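Working notes, beginning with the structure itself.
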Amino acid sequence: MGADVLLGLQWGDEGKGKIVDVLTPEYDIIARFQGGPNAGHTLEFDGIKHVLHTIPSGIFRKGVKNVIGNGVVIDPIILKQEIDKLIPLGVNIKEQLLISKKAHIILPTHKLLDKASEIAKGEKKIGSTLKGIGPTYMDKTGRNGIRVGDLFEDNFPEKYKNLVAKHSTLLNFYSMEINLDELEKDFFEGIELIKSLNAIDSEHYLNNAIKAGKKVLAEGAQGTLLDIDFGTYPFVTSSNTITAGTCTGLGIAPNKIKRIIGIFKAYCTRVGSGPFPTEEDNETGEKIRQLGHEFGATTGRERRCGWIDLPALKYAIMINGVTELSMMKADVLDQFDKIKVCTHYINKGDKIDYFPYNIDNNVKPVYIDFDGWNTDLTELTEADTLPTELKNYINFLEKELETPISIVSVGPDRKQTIDNSKS
C-alpha cells in the first residue's frame, strides 16, 4: 500500500473538498499536507453546505481518521470555530481528528503583519487573504516559529512572548497600532482546545499506517498555479501546493505515492491579483461567476472567471505527475452556445503551447470553439447519458492533456458525481 494524492491544477477553488468527500469511503486516513485557513473546501450533502478551512475533508465520514499534517499552519481561533460547528453535527472530533506536533501555529500578530505588509505594497499587493499565512511560513523558515508540540512544553509562554515582541517591533516599523487583548483571548481559548485534542508524531503515524496496509489520501489546498516555486510568482501562496509538498508536508517518501488525482474546473477562475490569460472581464465572465456561484469560500471575494487554459493545465499535470483527472462544474457551462478552449499562447510574437516563465498581460490566448450542450446536467448519473457535445469536450481534453478524466462533476452535492472511468 501507499498514499494517493489529490490536489488542484489551477489557481485553487477547483472543488477538491467535494472529491475528497466522495472518495473518502475508499480510504482509512485523509491527511492535509500544506496551507492554512486561507483555503476553503466546500462540501455539500443532504441539502447542507459545509465549508472547512483547516480540517481535512474526510471528517464527515465515520470511521475515517483525519490528519492535519506538519506542512499545515493552524490558526487556533479558526480551528475552534470549525470544530464548534462540527460537534452539533455528530462529528467525534477527539476520535477522528489528529494534529501533527510539527504543524506551525498562526499567532494574532502574524495576521497583523500580513495586513501591514499588504497595505505597504499599495497597488502591487498580491491579494493576500490576510489570514497570517505568509508571516507564519516566514517564521517557520526563519526558525522562529511556534509548533503544536511547543504548546505542551513548559517554555511555551516564553516562546510566545518573545515572538510577539519581535512582531511588535516589525509592526512599529509599519506604524501600525496593535491591541492584542481581544485577539489573544480568542487565541488562547483555541490553544486550550488544541491541547485537548490528539497531537501526534504524524510522520510515524502515517508511515506505520501505510506499512500496516492502511489507505491514505493526501489532500492539498489552493492550486498548482499558486505554488511558491512553480506558480505565477509573486502572486502565489506561501507553501508547495504540488505533489512534492506531500513528501515534505506529511513525511511520506516519494516512492510511497501511487495515484495522483488532479482536479480542475471545466473553465477557470482566480481570486486576487496576478496574471490570468483567459480571463473574461466582461458579460461572459460575469455569467460564469453567477452561474458558478464564484465567490471565495474563505473571503467571500468575487472570483475572476474565464475559459479553460490548456497550456497551464499541461504544465500542472507535468509538475505533479498526475495519473487521472476530475473535471468539476461542467454544469456551470450548461447555458453557453459556444465554449472556448485556450490551446496556445501568443508570447512575444511566438505561438507556443507551453507555460512560460512570465505570463503577464502581454501573453494572449489562442482559442478554438466547441459547441455547448445546452442541457441540464444536474440530474444525470451515468457517463453514457452525458450529451454528445460534452462528451466531445471531454474527449478533446483527454487527448490534449494525455490523461484520463475519471470523474465528471455535474453539481455541488456529493451525489452529483459521475464515474467517467468506464465510459
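Convention: chains lettered A, B, ... in C-alpha cells order; per-chain residue numbering from 1; ligands numbered from 1 as shown.
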*Determine which residues of stretch 189-315 of chain A receive a DSSP assignment of helix (DSSP H, G or I), computed from the backbone, and state them as a PyMOL selection string.*
chain A and resi 189-196+202-211+224-226+244-250+254-256+283-292+310-315
*Any idea what's packed within 10 Å of A:Leu226, counting only C-alpha atoms, ignoring anything in its chain fewer than 6 positions away? Could you give it as an NGL selection string?*
:A and (8-12 or 232-242 or 270 or 274)
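Proximity ranking of A:Ile228, A:Leu380, A:Ile191, A:Ile308 relative to A:Tyr267 places A:Ile308 first, based on only C-alpha atoms.
Between A:His53 and the residues A:Ile200, A:Ala120, A:Leu79, A:Leu325, the shortest atom-to-atom distance, using only C-alpha atoms, involves A:Leu79.
Neighbouring residues of A:Asp419 at 7 Å or closer, counting only C-alpha atoms and skipping chain neighbours under 4 positions away, are A:Ala383, A:Ser406, A:Ile407, A:Val408.
With only C-alpha atoms as the atoms that count, the residue of A:Ile29, A:Val410, A:Leu23, A:Ile83 with the shortest distance to A:Val64 is A:Ile29.
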Near A:Gly411, within 7 Å and counting only C-alpha atoms, which residues show up once chain neighbours fewer than 5 positions away are dropped, as a compact mmCIF listing (two decimals) with N, CA and C atoms, in the first residue's frame?
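The result, written out as out_5.txt:
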```txt
# COMPACT_ATOMS: atom_id res chain seq x y z
N LYS A 329 -17.65 21.16 -12.15
CA LYS A 329 -18.54 22.25 -12.55
C LYS A 329 -18.86 22.26 -14.05
N ASP A 331 -21.60 21.53 -15.14
CA ASP A 331 -22.97 22.04 -15.20
C ASP A 331 -23.04 23.56 -15.31
N THR A 378 -27.52 18.45 -14.14
CA THR A 378 -27.52 18.22 -12.69
C THR A 378 -28.27 16.97 -12.25
N GLN A 416 -23.99 14.28 -7.07
CA GLN A 416 -23.90 14.76 -8.45
C GLN A 416 -22.49 14.58 -9.00
```
*Expected answer as a PyMOL selection string: strand (DSSP E) residues in stretch 44-183 of chain A*: chain A and resi 44-45+48-52+65-68+73-74+97-100+104-105
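Using only C-alpha atoms for every distance, the candidate list A:Lys140, A:Lys256, A:Thr269, A:Ile77 yields A:Lys256 as the residue closest to A:Gly213.
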For A:Leu86, please output as a CSV table (one decimal) with C-alpha atoms, in the first residue's frame all residues within 12 Å (counting only C-alpha atoms; exclusion window: fewer than 3 positions along the same chain).
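The result, stored in out01.csv:
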```
chain,number,residue,atom,x,y,z
A,50,HIS,CA,-20.2,22.8,4.8
A,51,VAL,CA,-17.0,24.8,4.5
A,52,LEU,CA,-13.8,23.6,6.0
A,55,ILE,CA,-9.7,20.2,8.9
A,57,SER,CA,-12.5,17.0,4.0
A,59,ILE,CA,-14.2,14.5,8.6
A,60,PHE,CA,-17.9,13.8,7.9
A,79,LEU,CA,-9.9,25.8,14.1
A,80,LYS,CA,-12.0,26.2,17.2
A,81,GLN,CA,-14.8,27.9,15.1
A,82,GLU,CA,-14.7,24.9,12.7
A,83,ILE,CA,-14.8,22.4,15.5
A,89,LEU,CA,-23.5,17.5,13.6
A,90,GLY,CA,-22.3,14.4,15.5
A,91,VAL,CA,-18.7,14.5,14.4
A,92,ASN,CA,-16.5,12.9,17.0
A,93,ILE,CA,-13.5,15.3,16.8
A,94,LYS,CA,-11.4,13.7,19.5
A,96,GLN,CA,-11.5,11.4,14.2
A,97,LEU,CA,-9.0,14.4,14.2
```
*asked:* List as a PyMOL selection string the protein and nucleic acid residues near stretch 151-154 of chain A, meaning an atom at most 10 Å away when only C-alpha atoms are counted, but skip any in the same chain fewer than 6 places from it.
replied: chain A and resi 101+105+160+191-192+194-195+199
Selection export as a tab-separated table (two decimals), in the first residue's frame, atoms kept: N, CA and C atoms:
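Below you can see selection-v6.tsv, which holds the result:
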```tsv
chain	number	residue	atom	x	y	z
A	101	LYS	N	2.36	17.32	15.66
A	101	LYS	CA	3.08	18.17	16.61
A	101	LYS	C	4.00	19.16	15.90
A	105	ILE	N	1.88	27.23	14.35
A	105	ILE	CA	0.74	27.98	14.88
A	105	ILE	C	0.75	29.42	14.35
A	160	TYR	N	6.17	32.29	23.20
A	160	TYR	CA	5.11	33.15	22.67
A	160	TYR	C	5.46	34.62	22.90
A	191	ILE	N	-5.98	27.68	21.77
A	191	ILE	CA	-4.81	26.91	22.20
A	191	ILE	C	-5.23	25.81	23.18
A	192	GLU	N	-6.09	26.14	24.12
A	192	GLU	CA	-6.55	25.15	25.09
A	192	GLU	C	-7.31	24.02	24.40
A	194	ILE	N	-6.80	22.97	21.27
A	194	ILE	CA	-5.80	22.14	20.58
A	194	ILE	C	-5.13	21.19	21.56
A	195	LYS	N	-4.83	21.68	22.75
A	195	LYS	CA	-4.17	20.85	23.76
A	195	LYS	C	-5.05	19.69	24.22
A	199	ALA	N	-2.61	15.27	19.58
A	199	ALA	CA	-1.40	15.74	18.89
A	199	ALA	C	-0.45	14.56	18.75
```
*asked:* Between atom CA of A:Phe396 and atom CA of A:Leu310, what is the distance in Å, rounded to a tenth?
replied: 10.8 Å
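Among A:Leu386, A:Cys268, A:Leu377, A:Ile359, the residue with the shortest atom-to-atom distance to A:Asn347, counting only C-alpha atoms, is A:Ile359.
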